[in-house]
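As structure tokens, the structure follows; a few thoughts come after it.
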Amino acid sequence: MGRNDNDKNKGRLDDDYQFDWEKEENKKVKNKRATSSDKAEKKAQAAKAGEAREAEKAKKKAQAAKAGEAYRAKKASRANDVHRRRKGHRNIETNVISFAFVGIFAIMIIYFIYFQTSQATEIAESPLNPRNASTVEVPDPIRRGTIYAAEGTVLAQTRLDDEGKEYRSYPTGMLFSTPVGMARGGGSGIEGKLSDDLTTSSHDTLVEKRSAGLEEDQKQYQGNSVYTTLLPDLQEVAYEALGDDKGAVLAIEPATGKILCMVSKPTYDPNKGGTDYDEWAALPDEDSVLINRATQGQYPPGSTFKVFTAIEYMKENPDTYNNFRYTCRGTTHPPGGATISCQYRTAHGSEDITKAFVVSCNCAFSTIGLDLDYQKYRETAEAFGFNSKLPIDDIESYESKFYIDSKSSMSEVQETAFGQGNTMITPLQNLMITATVANGGTMMKPYLVDRVEAADGTVIKKNAPIIHKSDLLTEKESTAMNELMRQMVSQSLGSVFRSSYKVAGKTGQAEFENDSDKAHLWFTCFAPYDDPQIAVVCVLEKNDIQPTKAPSVCRSVIYEYMNTYYWN
Amino acid sequence: MDFADVAKYIFIGLFSLYTLFTYMGSTVHDKKALKFVYFVQNGTTFVIHLIGYIVLYLQAGDMKFIVLYIFEFALLFATIVVYDLVYPKASRLLVNNMVLLEVVGFIFIARINYDEAVRQTVLAAIGTVITFFVPAFLRNVKQMRNWGWGFALIGFIALVIVPIFGRTVNGADLALRFGDAFTIQPSEFVKILFVLFVASVFNNLKSFKQIAIVSAVAFAHVVILLVSRDLGTALIFFVAYFAMIYVATQKVYYLAAGAGIGILGGFLATKIFSHVQSRIDGWRDPFGTYQTSGWQVARSLFSIAAGGWLGVGLGKGLPSSIVFIENDFMFTAITEEMGGIVGIAIILICLNNLILMMGIASRCNTLFYRLVAVGLGTMYGFQVFLTVGGAIKLIPLTGVTLPFISYGGSSLIASLIVFALINGMYTMRED
């Protein structure tokens, strides 16, 4: 390349030189740059041979020689800068690139014009276009739209009373109050989050006119309807299963992120909002009926957090986690750390990772915690959603909190690893971790609203499943976690779940405020483990310690779902 | 009829005027006439900025828009003044275009998400201050042209870190995350390092073997980007590399080879990477694949169609119908609300930037600078083509940003650096 390159550039510069020489000769400009090669010199001499006198010839020769020398010197200096050109010479290659871009940009503009003139109108009319009816001038006022469950059950509806006055009716009362919320004030739940859609009319369907507050000739139009993903029978089963306990039950379809039921207790009857609201608002947090415990309740995760710690351990030891061995003596106190005890100080003996998970060994998991890279532990936690708002648009939610980082003390890490410490988790966050395991490592964005429809049934908005984060777990990790959770249920909860339902999960009993008799009871699970259809989480606040109580609540939901939707 | 309905006609007039003067700027050489061109350019830019924020303020009724406007105005005004005073030999046309595009970005990001607009403005300020030093740095650090392999090493490490430690952004491993608030997309900066690397090696090209080695390194960059699912950036590297090799060797057959490898590679990529195939499916029939890969393109087309030639008016469109609109679909947002005429004006202004950069490249007096200008210019032009072409369904969607306009600090700061580098090289031209 080097030789060729030099030869080529030499030739090129000579060409330049020739060009300049001729040009300058023609213009009879005093020659400073050019005339050096013998050929050129001869040519110049020949052209003037007849008339030129000797003295002039000699002068010219001398001049030419001088110029030639100057040129050679310049040429030598340019050997380092071969691409330098004289002023006025445009570089061919950059021009070619410019023209190429002018070409593709021209194609782009022509295509854009073609699109706007001959395709835009037709495309704009597509029923998929979210603007389709909303670009129609929407007259005011509009009757607030109806909210439906997945199967058409009316959850909220605006009606007229005997005097022709509008009121908001919630036919399902307390059953759906948590997800549906109230239209009161700024609104809560779906009533609040989708208020704009409910008060927009995308089709000019007239409604029976109310008498109060409207002019005689003023028309009133029906607002858009919201169809939720909630299954009414599942919601009812979950509501009943939770009984009189405080807490929450939440179920999701792992592959899509559809929320199937959402219950939080204690709750309220939205039909009584007009009279009782102030009373509800005055309740302290722990008795509040207005807090949605499923998405806003922040609890210590207890042993359900071992799911996450096991995930992190696998991520950091992808090839060796199966070699994990630990001998549990019921309590452990590493130098510099805190004393960690298993429940009832049970010595679990020799354990591998599966046994440590199944028996929920605090000593083993606190030891695993110390073995982790604290910073990565935090990064994984944040990748799974901790310390930031969860990706749910249709309802209010609070953050879950994970505090470990590279500066954390040993005791903090020990406690966090088995589910105590300062970690705070919402049932939704806990469920999303479980659903991600069930869904092979892909976290779906949870959603409650299936679609918004105009009064004539035209779909205005349709929520398709959206991948929130893919590849949170590798296939190997999700398979291994699935297996751990499956072993946990089959070895420890055989009395609760029939094996044909193929449930995988993890229990938890979160201590709070040093009350050793009571705990928040957790269970997070999915089924069937070989083809996950539903993931369920249940938390029961401040209960007596009973390892099967939360799993039993989840069982009702799973059985109902499987019997109704999976097997039939 | 409110102010936004009036403003849209003003915008069309101002953008048309700006575009006209921008192209005139390359044809006039008289100093007085040039000053007038600059005056009209800056004047229209600031009026667009002001009217945009008045519309936003009137719609939201919130003083915070005025506060943000004042801060942005100060930043942009300072940009022009500093270039004028410190680098009088810089290409003012390029600086003016940059400021106009920043204005468009500021208005639309503020319209979509105020908090993001605040972040964008802060990062623009940081980026602008950093880049004020770039031309001076170029002038004083001449040995930069010998640092080629250093650039390659840093860039390569930054690229490799992402698939390993990065978090996945919207299905693509694009970002490195530091704590809560701060994410970096290294590929935006690796673009610049890559160009510096290739230019440096080609500057002292001695054998065909060197071309082979550099090509292998370039190929490795492209493959890593494909594996990270950053299809758009992979294409940008690829195209820039072949433009640079063409300028360095002056042999047209390298362009032909590039096109051939591009077609073959594209075909293989659809077979190997499912994410590439799904982009193509979504492009071929966005409405048929609405439930899966086509909905982003379909919704972009709905928005552009809704805008028509005149636009629906700033603040009156439906940008919320498109996810990531402020990153990948800014062209769509602009055409929906300001209309197709303004859309074409933006395309023409971006093309003008490319032409200006190639003009600067041709006037660079060393091969190294010329290659850097060609590489960065080609990347810029091709990136505009990818994002606009993707939004209007001329080509499959690749998810790259529209420089200076899209939301995202890495993209913005990298674009500022690119323009500062090119201006730096321009100030070193011989007059």
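Residues in the structure tokens are numbered from 1 in each chain, the chains being A, B, ... in the order shown, and ligands are numbered from 1 in the order shown.
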- Near Glu541 in chain A, within 8 Å and counting only C-alpha atoms, which residues show up once chain neighbours fewer than 3 positions away are dropped, as a list of chain:residue names?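 Here the qualifying residues turn out to be A:Asp245, A:Lys246, A:Gly247, A:Ala519, A:His520, A:Leu521.
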- Message: Residues near range 310-326 of chain A, anyone? I mean within 6 Å using only C-alpha atoms, not counting same-chain ones fewer than 4 positions away, as a list in words.
- Response: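 Here the qualifying residues turn out to be Lys306, Ser350, Glu351, Asp352 and Ile353 of chain A.
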- Message: Show me, as a ChimeraX atom specification, every residue of chain B with an atom at most 6 Å from chain A, counting only C-alpha atoms.
- Response: /B:206-208,247,302,305,355,358,362,365
- Query: Which polymer residues have any atom within 8 Å of an atom of range 358-375 of chain A, counting only C-alpha atoms, with same-chain residues fewer than 3 positions away left out, as number ranges by chain?
  - Reply: A: 303, 306, 309, 312-313, 316, 326-328, 330-332, 340-343, 348, 354-355, 378-379, 404-406, 408, 410, 413-418, 484-485, 487-489, 491-492
- Task: Just the strand (DSSP E) stuff from range 27-195 of chain B, please, per backbone DSSP, written as a PyMOL selection string.
- Result: chain B and resi 167-169+172-178+182-184
- Contacts of Ser478 in chain A at 9 Å (only C-alpha atoms; same-chain gap of 5+ positions) as a list in words: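 My list of contacting residues is Ile311, Thr436, Val437, Ala438, Asn439, Gly440, Gly441, Leu473 and Glu483 of chain A.
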Write out as a PDB file with C-alpha atoms, in the first residue's frame each polymer residue whose atoms come within 9 Å of Met98 in chain B, counting only C-alpha atoms; drop sequence neighbours fewer than 6 positions from it.
```pdb
ATOM      1  CA  ASN B 353     -25.346  20.834   8.683  1.00  0.00           C
ATOM      2  CA  PHE B 404     -29.816  18.291  19.711  1.00  0.00           C
ATOM      3  CA  LEU B 416     -22.264  19.343  21.257  1.00  0.00           C
ATOM      4  CA  PHE B 419     -20.027  20.256  16.545  1.00  0.00           C
TER       5      PHE B 419
END
```
- Query: What are the DSSP helix (DSSP H, G or I) residues of range 194-374 of chain B, as number ranges by chain?
  - Reply: B: 194-203, 208-227, 231-249, 252-272, 274-284, 295-307, 319-321, 325-328, 330-338, 340-363, 367-374
- Nearby residues (only C-alpha atoms) at most 12 Å from range 270-287 of chain B, same-chain spacing under 5 positions excluded, as JSON, numbers by chain: {"A": [123, 124, 126, 127, 128, 129], "B": [170, 171, 172, 223, 225, 226, 227, 228, 229, 230, 231, 232, 234, 235, 263, 264, 265, 292, 293, 294, 295, 296, 297, 298, 299, 300, 301, 302, 389, 390, 391, 392, 393, 394, 395, 396, 397, 398, 399]}
May I have the selected residues written with N, CA and C atoms, as a short mmCIF file (atom, residue, chain, number, x, y, z; two decimals), in the first residue's frame?
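part.cif, freshly written:
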```cif
data_model
loop_
_atom_site.label_atom_id
_atom_site.label_comp_id
_atom_site.auth_asym_id
_atom_site.auth_seq_id
_atom_site.Cartn_x
_atom_site.Cartn_y
_atom_site.Cartn_z
N ILE A 123 -54.63 6.51 6.32
CA ILE A 123 -54.04 5.96 7.54
C ILE A 123 -54.70 6.58 8.78
N ALA A 124 -54.98 7.87 8.71
CA ALA A 124 -55.56 8.55 9.87
C ALA A 124 -56.92 7.96 10.24
N SER A 126 -57.69 4.85 10.29
CA SER A 126 -57.58 3.51 10.87
C SER A 126 -58.26 3.45 12.24
N PRO A 127 -59.00 2.37 12.49
CA PRO A 127 -59.64 2.25 13.81
C PRO A 127 -58.60 2.14 14.93
N LEU A 128 -57.35 1.82 14.58
CA LEU A 128 -56.31 1.71 15.60
C LEU A 128 -55.84 3.09 16.07
N ASN A 129 -56.14 4.10 15.29
CA ASN A 129 -55.65 5.44 15.62
C ASN A 129 -56.30 5.95 16.91
N ASN B 170 -35.56 -0.40 27.56
CA ASN B 170 -36.52 -0.66 26.49
C ASN B 170 -36.06 -1.76 25.55
N GLY B 171 -35.61 -2.85 26.10
CA GLY B 171 -35.24 -3.97 25.25
C GLY B 171 -33.87 -3.85 24.64
N ALA B 172 -33.14 -2.80 24.93
CA ALA B 172 -31.80 -2.69 24.38
C ALA B 172 -30.84 -2.36 25.52
N VAL B 223 -20.42 -5.50 15.76
CA VAL B 223 -21.02 -6.72 16.31
C VAL B 223 -21.44 -6.51 17.76
N LEU B 225 -22.34 -3.79 19.16
CA LEU B 225 -23.55 -2.96 19.18
C LEU B 225 -24.77 -3.77 18.78
N LEU B 226 -24.60 -4.67 17.82
CA LEU B 226 -25.73 -5.51 17.41
C LEU B 226 -26.15 -6.43 18.56
N VAL B 227 -25.15 -6.99 19.24
CA VAL B 227 -25.46 -7.88 20.36
C VAL B 227 -26.15 -7.08 21.47
N SER B 228 -25.74 -5.81 21.66
CA SER B 228 -26.39 -4.95 22.65
C SER B 228 -27.74 -4.46 22.16
N ARG B 229 -28.15 -4.90 21.00
CA ARG B 229 -29.44 -4.55 20.41
C ARG B 229 -29.52 -3.09 20.00
N ASP B 230 -28.36 -2.47 19.83
CA ASP B 230 -28.37 -1.07 19.41
C ASP B 230 -28.14 -1.03 17.91
N LEU B 231 -29.16 -1.43 17.17
CA LEU B 231 -29.06 -1.59 15.73
C LEU B 231 -28.68 -0.28 15.05
N GLY B 232 -29.32 0.81 15.46
CA GLY B 232 -29.10 2.09 14.80
C GLY B 232 -27.64 2.53 14.89
N ALA B 234 -25.06 0.71 15.45
CA ALA B 234 -24.22 -0.21 14.67
C ALA B 234 -24.17 0.25 13.21
N LEU B 235 -25.32 0.59 12.65
CA LEU B 235 -25.38 1.05 11.25
C LEU B 235 -24.58 2.34 11.07
N ILE B 263 -25.41 -4.88 2.69
CA ILE B 263 -26.60 -5.64 2.30
C ILE B 263 -26.51 -7.07 2.83
N LEU B 264 -25.33 -7.67 2.63
CA LEU B 264 -25.13 -9.05 3.10
C LEU B 264 -25.27 -9.11 4.62
N GLY B 265 -24.59 -8.17 5.30
CA GLY B 265 -24.62 -8.15 6.77
C GLY B 265 -26.03 -7.92 7.30
N THR B 292 -47.77 -6.39 18.15
CA THR B 292 -46.43 -6.80 18.54
C THR B 292 -45.38 -5.75 18.19
N SER B 293 -44.82 -5.83 17.00
CA SER B 293 -43.66 -4.97 16.71
C SER B 293 -44.02 -3.70 15.96
N GLY B 294 -45.24 -3.61 15.44
CA GLY B 294 -45.54 -2.49 14.55
C GLY B 294 -46.16 -1.27 15.18
N TRP B 295 -46.54 -1.37 16.45
CA TRP B 295 -47.40 -0.30 16.97
C TRP B 295 -46.70 1.04 17.10
N GLN B 296 -45.39 1.01 17.37
CA GLN B 296 -44.70 2.30 17.48
C GLN B 296 -44.71 3.04 16.15
N VAL B 297 -44.40 2.29 15.08
CA VAL B 297 -44.38 2.90 13.75
C VAL B 297 -45.80 3.36 13.40
N ALA B 298 -46.79 2.49 13.65
CA ALA B 298 -48.17 2.84 13.32
C ALA B 298 -48.58 4.13 14.03
N ARG B 299 -48.23 4.21 15.30
CA ARG B 299 -48.65 5.40 16.05
C ARG B 299 -47.90 6.64 15.58
N SER B 300 -46.65 6.45 15.17
CA SER B 300 -45.91 7.57 14.62
C SER B 300 -46.60 8.08 13.36
N LEU B 301 -47.03 7.14 12.51
CA LEU B 301 -47.71 7.54 11.27
C LEU B 301 -49.05 8.23 11.57
N PHE B 302 -49.78 7.73 12.56
CA PHE B 302 -51.04 8.40 12.95
C PHE B 302 -50.76 9.85 13.33
N GLY B 389 -36.22 8.80 8.85
CA GLY B 389 -36.69 7.75 7.95
C GLY B 389 -37.49 6.70 8.70
N GLY B 390 -37.07 6.37 9.93
CA GLY B 390 -37.79 5.38 10.73
C GLY B 390 -39.17 5.89 11.14
N ALA B 391 -39.23 7.18 11.51
CA ALA B 391 -40.51 7.75 11.97
C ALA B 391 -41.53 7.83 10.85
N ILE B 392 -41.06 8.03 9.60
CA ILE B 392 -42.03 8.15 8.50
C ILE B 392 -42.18 6.84 7.74
N LYS B 393 -41.56 5.77 8.26
CA LYS B 393 -41.67 4.43 7.66
C LYS B 393 -41.02 4.32 6.29
N LEU B 394 -40.01 5.15 6.04
CA LEU B 394 -39.23 4.96 4.81
C LEU B 394 -38.30 3.76 4.99
N ILE B 395 -37.78 3.61 6.21
CA ILE B 395 -36.86 2.52 6.56
C ILE B 395 -37.31 1.94 7.90
N PRO B 396 -36.82 0.74 8.28
CA PRO B 396 -37.21 0.19 9.59
C PRO B 396 -36.74 1.08 10.73
N LEU B 397 -37.46 0.96 11.82
CA LEU B 397 -37.16 1.76 13.00
C LEU B 397 -35.86 1.28 13.64
N THR B 398 -34.98 2.22 14.01
CA THR B 398 -33.74 1.80 14.65
C THR B 398 -33.56 2.42 16.02
N GLY B 399 -34.42 3.33 16.39
CA GLY B 399 -34.35 3.85 17.76
C GLY B 399 -33.11 4.67 18.05
#
```
- Between A:Trp522, A:Trp280, A:Tyr398, A:Tyr148, which has the minimum distance to Leu448 in chain A (counting only C-alpha atoms)?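 Closest residue, counting only C-alpha atoms: A:Tyr148.
For the atom pair formed by CA of Gly385 in chain A and CA of Gln429 in chain A, the distance is 7.1 Å, given to one decimal.
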